[in-house]
Amino acid sequence: MNAPNTATLEYDALANLIDAVETADDAMAKATRSTMLTPRFYTTDFDAMDKMDVSSVRAEWDAMILEYEGDNNHDHFQRDAAFAEEARVGLASMSPELRQEFLDFLISSCTSEFSGCILYNEIQKRVTNPDIKALMRYMARDESRHAGFINSALKDLGLGIDLGGLKKNKAYTFFKPKYILYATYLSEKIGYARYITIFRQLEKNPDKRFHPIFRWFERWCNDEFRHGESFALLMRAQPHLLSGLNTLWIRFFTLAVYATMYVRDHMRPLMHEAMGLDSSEYDYEVFRITSEIAAQVFPVDLDIDHPVFRAGMTHLLECAVGHANAKARGGLMGLLGQARHALGAAWTFGRLFFLPVKHRPLPDQIRVQPVW
Ligand SMILES: [Fe+2]
Ligand SMILES: [Fe+2]
C-alpha cells in the first residue's frame, strides 16, 4: 500500500479518522454526522438578519447584485460528454484507500455546499429586507447547483445523498448573525482558495486529474469568491463587527476554521499525493491566499508562518489522531486517552489563540477580484 508521511504521522496512524463508505446508507450516515471535524448545518436569528442595512456600501452592493443577476455560471454545472467515461476510468484506477479519501472529500464537500444552500434559503424565506432577501436567494441558487453537481458524481457510484432527508435529519447549530458572518465569510473564501489551488495544480499537471469534477473548479470557485464578497460588504456595512473586542472573535473564527481544515485535509494524504500536492503545503497555500483576500475586511491576521503556529497545527492533528485511535481502542484506557487528547487540543488551541497577530488598516475600496 502507498504510505506517504503527513506533517509528522505515518499513514497507518490515520486509519481511524475516516469511516469507510461502501453503501448509500454509509454515505448518508457520514453526511448526517455532526462532529468537530464534519460540516454542520446552521440556523440564526432571522429578525436580526432582516435589520442589516447596506446603505453605507450601496454602490459596491448594487454592482455585486447585478453580477448575481447576470448569472454567468447558469450553464456551467452540466456534465459534458466526456465526464462519465473520465470518471469511470479514474475510479477504476484508484486504490481502495484513495477511493475512500476521495469519497470522504465528495461527501463532506456536498454536505458543506448544501449547508450553505439551506441556511441562505431559510434566511431568504424569513426576511423582508429586499437587499438581504435578493442576496440570499442568489447564493442559495448557486449552492444548490454546487451540491447537486457533487451529488451527481456520488450518484454515479450508487452513493447519492438524500438531500431532503439530510435537511430533515441532520442537527442544526444556532449561531448569532455576527458569528454567521465571520464563519461563512471565511468558509466561502477558503472554499475559493481550496478550489483554485487544486484547479491550478491540475491545470499544470493534467495527468494527475483523476476525476473530471476538478475541471469544473475554476468557474465554480468564482461563485464562492462572490459569496465571500457579499459577506465582506455586509460586515464592512457594520463596522462595529470589525473593531474592539470583536477582533477577538475574528481571531477565534479564523483559527477555528484553519485548524479544522488542517486536521481534515491531513486525513486525506493519498488524495493530495495523487494530485501532486502535499497536504501541509496545500493547506498553507490556502491559508496564505485566504489571508491576502481577508485584508478587505479583517483588521487582524494570524501569523501563519510563526514557528509556534506551525508546531501548534501539527500538534492539533496529533491530538485528533490520538483521540480517534483512543476511541477505537474503547474501554477505560480508551476513555482516558480521549480525555487526554481533548485537553491537549484545547490547550494548544488556546496557545495559538493568544499568539501575536498582525494588524492592518482596512482599504477604502472593499471588493477584490479573484486573481489567484
Ligand atoms: Fe458553493
Ligand atoms: Fe458559496
# chains A, B, ... in the order shown; residues from 1 in each chain; ligands from 1
$ residues_around --residues "Met28 in chain A" --least-positions-apart "4" --cutoff "8 Å" --atoms "only C-alpha atoms" --output "PyMOL selection string"
chain A and resi 24+32+161-162+166
$ residues_around --residues "Glu86 in chain A" --least-positions-apart "3" --cutoff "8 Å" --atoms "only C-alpha atoms" --output "list in words"
Ala82, Phe83, Val89, Gly90, His211 and Pro212 of chain A
$ write_last_selection --atoms "N, CA and C atoms" --output "PDB file, in the first residue's frame"
ATOM      1  N   ALA A  82     -17.679  13.819 -22.073  1.00  0.00           N
ATOM      2  CA  ALA A  82     -16.522  13.034 -21.615  1.00  0.00           C
ATOM      3  C   ALA A  82     -16.612  12.677 -20.122  1.00  0.00           C
ATOM      4  N   PHE A  83     -17.505  13.331 -19.379  1.00  0.00           N
ATOM      5  CA  PHE A  83     -17.491  13.218 -17.920  1.00  0.00           C
ATOM      6  C   PHE A  83     -17.591  11.770 -17.437  1.00  0.00           C
ATOM      7  N   VAL A  89     -12.930   5.721 -15.706  1.00  0.00           N
ATOM      8  CA  VAL A  89     -11.514   5.341 -15.805  1.00  0.00           C
ATOM      9  C   VAL A  89     -10.776   5.740 -14.517  1.00  0.00           C
ATOM     10  N   GLY A  90     -11.044   6.955 -14.037  1.00  0.00           N
ATOM     11  CA  GLY A  90     -10.376   7.449 -12.827  1.00  0.00           C
ATOM     12  C   GLY A  90     -10.671   6.569 -11.628  1.00  0.00           C
ATOM     13  N   HIS A 211     -10.186  12.693 -11.579  1.00  0.00           N
ATOM     14  CA  HIS A 211     -11.648  12.701 -11.704  1.00  0.00           C
ATOM     15  C   HIS A 211     -12.054  13.985 -12.443  1.00  0.00           C
ATOM     16  N   PRO A 212     -13.066  13.891 -13.344  1.00  0.00           N
ATOM     17  CA  PRO A 212     -13.411  15.068 -14.152  1.00  0.00           C
ATOM     18  C   PRO A 212     -13.998  16.225 -13.353  1.00  0.00           C
TER      19      PRO A 212
END
$ residues_near_ligand --ligand "ligand 2" --cutoff "8 Å" --atoms "only C-alpha atoms and all ligand atoms" --output "list in words"
Glu113, Gly116, Met139, Asp142, Glu143, Ser187, Glu188, Gly191, Asp223, Glu224, Phe225, Arg226, His227 and Gly228 of chain A
$ write_last_selection --atoms "C-alpha atoms" --output "CSV table (one decimal), in the first residue's frame"
chain,number,residue,atom,x,y,z
A,113,GLU,CA,-22.4,23.1,-0.2
A,116,GLY,CA,-24.9,27.0,2.6
A,139,MET,CA,-26.5,32.4,-3.1
A,142,ASP,CA,-25.6,28.8,-6.5
A,143,GLU,CA,-25.1,26.4,-3.6
A,187,SER,CA,-15.7,29.3,4.6
A,188,GLU,CA,-16.6,31.0,1.2
A,191,GLY,CA,-13.7,27.4,-0.5
A,223,ASP,CA,-19.2,31.7,-7.3
A,224,GLU,CA,-17.7,31.1,-3.8
A,225,PHE,CA,-15.5,34.1,-4.2
A,226,ARG,CA,-18.5,36.3,-4.9
A,227,HIS,CA,-20.4,34.8,-2.0
A,228,GLY,CA,-17.4,35.8,0.2
$ closest_residue --among "A:Leu362, A:Leu135, A:Arg329, A:Phe210" --to "Ser243 in chain A" --atoms "only C-alpha atoms"
A:Leu362
$ select_by_dssp --residues "range 27-243 of chain A" --states "helix (DSSP H, G or I)" --output "PyMOL selection string"
chain A and resi 27-32+46-50+55-70+83-92+96-126+130-156+163-169+177-204+206-208+212-236+239-242
$ write_last_selection --atoms "C-alpha atoms" --output "compact mmCIF listing (two decimals), in the first residue's frame"
# COMPACT_ATOMS: atom_id res chain seq x y z
CA ALA A 27 -22.71 7.83 2.71
CA MET A 28 -25.90 9.18 4.29
CA ALA A 29 -24.66 8.35 7.80
CA LYS A 30 -21.39 10.18 7.12
CA ALA A 31 -23.23 13.26 5.80
CA THR A 32 -25.64 13.26 8.76
CA PHE A 46 -33.66 35.86 11.23
CA ASP A 47 -35.07 39.12 12.65
CA ALA A 48 -31.57 40.42 13.27
CA MET A 49 -30.54 39.38 9.73
CA ASP A 50 -33.55 41.29 8.43
CA SER A 55 -26.68 51.69 2.61
CA SER A 56 -23.12 52.65 3.54
CA VAL A 57 -21.76 50.26 0.87
CA ARG A 58 -24.59 50.83 -1.63
CA ALA A 59 -22.54 51.34 -4.82
CA GLU A 60 -20.45 48.18 -4.37
CA TRP A 61 -23.51 46.24 -3.20
CA ASP A 62 -25.59 47.12 -6.26
CA ALA A 63 -22.75 46.24 -8.63
CA MET A 64 -22.47 42.85 -6.91
CA ILE A 65 -26.21 42.16 -7.14
CA LEU A 66 -26.04 42.91 -10.88
CA GLU A 67 -23.36 40.23 -11.20
CA TYR A 68 -25.63 37.73 -9.45
CA GLU A 69 -28.47 38.69 -11.81
CA GLY A 70 -26.16 38.20 -14.80
CA PHE A 83 -17.49 13.22 -17.92
CA ALA A 84 -18.90 9.73 -17.38
CA GLU A 85 -16.03 7.96 -19.15
CA GLU A 86 -13.33 10.01 -17.40
CA ALA A 87 -14.98 9.32 -14.04
CA ARG A 88 -15.19 5.58 -14.79
CA VAL A 89 -11.51 5.34 -15.80
CA GLY A 90 -10.38 7.45 -12.83
CA LEU A 91 -12.32 5.46 -10.27
CA ALA A 92 -11.26 2.12 -11.74
CA PRO A 96 -9.28 1.30 -2.26
CA GLU A 97 -7.61 3.72 0.21
CA LEU A 98 -7.55 6.60 -2.28
CA ARG A 99 -11.16 5.86 -3.22
CA GLN A 100 -12.18 6.20 0.45
CA GLU A 101 -10.38 9.51 0.79
CA PHE A 102 -11.99 10.79 -2.41
CA LEU A 103 -15.45 9.67 -1.24
CA ASP A 104 -14.83 11.43 2.08
CA PHE A 105 -13.94 14.57 0.10
CA LEU A 106 -17.05 14.34 -2.10
CA ILE A 107 -19.44 13.68 0.79
CA SER A 108 -18.07 16.42 3.03
CA SER A 109 -17.96 18.91 0.12
CA CYS A 110 -21.55 18.06 -0.87
CA THR A 111 -22.66 18.49 2.76
CA SER A 112 -20.93 21.90 3.08
CA GLU A 113 -22.39 23.14 -0.20
CA PHE A 114 -25.84 22.00 0.89
CA SER A 115 -25.34 23.56 4.33
CA GLY A 116 -24.92 26.95 2.62
CA CYS A 117 -27.95 26.26 0.43
CA ILE A 118 -30.20 25.53 3.43
CA LEU A 119 -29.03 28.49 5.51
CA TYR A 120 -29.25 31.04 2.68
CA ASN A 121 -32.62 29.71 1.58
CA GLU A 122 -34.02 29.82 5.11
CA ILE A 123 -32.83 33.42 5.57
CA GLN A 124 -34.31 34.39 2.19
CA LYS A 125 -37.68 32.98 3.22
CA ARG A 126 -37.72 34.62 6.65
CA PRO A 130 -35.07 43.43 -0.12
CA ASP A 131 -31.24 43.62 -0.11
CA ILE A 132 -30.77 40.63 2.17
CA LYS A 133 -33.57 38.69 0.51
CA ALA A 134 -32.14 39.12 -3.00
CA LEU A 135 -28.62 38.21 -1.92
CA MET A 136 -29.68 35.09 -0.06
CA ARG A 137 -31.86 33.93 -2.95
CA TYR A 138 -28.93 34.18 -5.40
CA MET A 139 -26.50 32.44 -3.08
CA ALA A 140 -28.97 29.63 -2.35
CA ARG A 141 -29.37 29.20 -6.13
CA ASP A 142 -25.60 28.81 -6.55
CA GLU A 143 -25.12 26.45 -3.59
CA SER A 144 -27.99 24.28 -4.75
CA ARG A 145 -26.23 23.84 -8.12
CA HIS A 146 -22.94 23.07 -6.39
CA ALA A 147 -24.41 20.47 -4.04
CA GLY A 148 -26.39 18.88 -6.88
CA PHE A 149 -23.31 18.64 -9.10
CA ILE A 150 -21.23 16.84 -6.45
CA ASN A 151 -24.17 14.64 -5.58
CA SER A 152 -24.47 13.55 -9.22
CA ALA A 153 -20.84 12.31 -9.02
CA LEU A 154 -21.81 10.33 -5.90
CA LYS A 155 -24.91 9.00 -7.66
CA ASP A 156 -22.66 7.59 -10.43
CA LEU A 163 -30.55 15.84 0.43
CA GLY A 164 -34.20 16.18 1.51
CA GLY A 165 -33.66 13.56 4.22
CA LEU A 166 -30.43 15.26 5.30
CA LYS A 167 -32.24 18.59 5.66
CA LYS A 168 -34.76 16.92 7.94
CA ASN A 169 -32.47 14.69 9.99
CA PRO A 177 -25.75 36.64 12.92
CA LYS A 178 -22.30 38.07 13.61
CA TYR A 179 -20.85 34.58 14.03
CA ILE A 180 -22.62 33.53 10.82
CA LEU A 181 -20.93 36.45 9.04
CA TYR A 182 -17.43 35.64 10.31
CA ALA A 183 -17.78 31.90 9.72
CA THR A 184 -19.49 31.97 6.31
CA TYR A 185 -17.16 34.71 5.03
CA LEU A 186 -14.20 32.51 5.92
CA SER A 187 -15.71 29.33 4.56
CA GLU A 188 -16.62 30.97 1.23
CA LYS A 189 -13.15 32.49 0.78
CA ILE A 190 -11.42 29.31 1.91
CA GLY A 191 -13.68 27.40 -0.47
CA TYR A 192 -12.43 29.66 -3.28
CA ALA A 193 -8.79 29.26 -2.22
CA ARG A 194 -9.09 25.47 -1.98
CA TYR A 195 -10.75 25.02 -5.36
CA ILE A 196 -8.47 27.44 -7.22
CA THR A 197 -5.32 25.87 -5.72
CA ILE A 198 -6.45 22.42 -6.85
CA PHE A 199 -7.51 23.74 -10.27
CA ARG A 200 -4.15 25.50 -10.88
CA GLN A 201 -2.21 22.40 -9.80
CA LEU A 202 -4.17 20.13 -12.17
CA GLU A 203 -4.04 22.69 -14.96
CA LYS A 204 -0.25 22.32 -14.81
CA PRO A 206 -3.42 17.21 -16.27
CA ASP A 207 -2.14 13.63 -15.89
CA LYS A 208 -2.87 13.94 -12.14
CA PRO A 212 -13.41 15.07 -14.15
CA ILE A 213 -15.11 17.08 -11.38
CA PHE A 214 -11.88 19.06 -10.91
CA ARG A 215 -12.27 20.51 -14.44
CA TRP A 216 -15.30 22.44 -13.12
CA PHE A 217 -13.47 24.09 -10.22
CA GLU A 218 -12.31 27.32 -11.89
CA ARG A 219 -15.72 28.82 -12.73
CA TRP A 220 -17.22 27.16 -9.66
CA CYS A 221 -14.83 28.88 -7.26
CA ASN A 222 -15.75 32.27 -8.72
CA ASP A 223 -19.23 31.72 -7.26
CA GLU A 224 -17.67 31.09 -3.84
CA PHE A 225 -15.48 34.15 -4.25
CA ARG A 226 -18.54 36.32 -4.94
CA HIS A 227 -20.39 34.84 -1.95
CA GLY A 228 -17.42 35.84 0.19
CA GLU A 229 -17.53 39.35 -1.31
CA SER A 230 -21.16 39.63 -0.21
CA PHE A 231 -20.30 38.82 3.40
CA ALA A 232 -17.36 41.24 3.25
CA LEU A 233 -19.76 44.04 2.24
CA LEU A 234 -22.25 43.04 4.94
CA MET A 235 -19.50 43.23 7.60
CA ARG A 236 -18.00 46.48 6.31
CA PRO A 239 -18.01 48.49 11.25
CA HIS A 240 -18.53 47.64 14.93
CA LEU A 241 -18.23 43.96 13.92
CA LEU A 242 -14.65 44.63 12.84
$ closest_residue --among "A:Ser95, A:Ile293, A:Val21, A:Ala259" --to "Leu159 in chain A" --atoms "only C-alpha atoms"
A:Val21
$ residues_around --residues "Val308 in chain A" --least-positions-apart "2" --cutoff "9 Å" --atoms "only C-alpha atoms" --output "PyMOL selection string"
chain A and resi 305-306+310-313+351-352+355
$ closest_residue --among "A:Asn73, A:His341, A:Glu22, A:Val54" --to "ligand 1" --atoms "only C-alpha atoms and all ligand atoms"
A:Asn73
$ closest_residue --among "A:Tyr258, A:Leu317, A:Ala345, A:Asn205" --to "Leu277 in chain A" --atoms "only C-alpha atoms"
A:Asn205
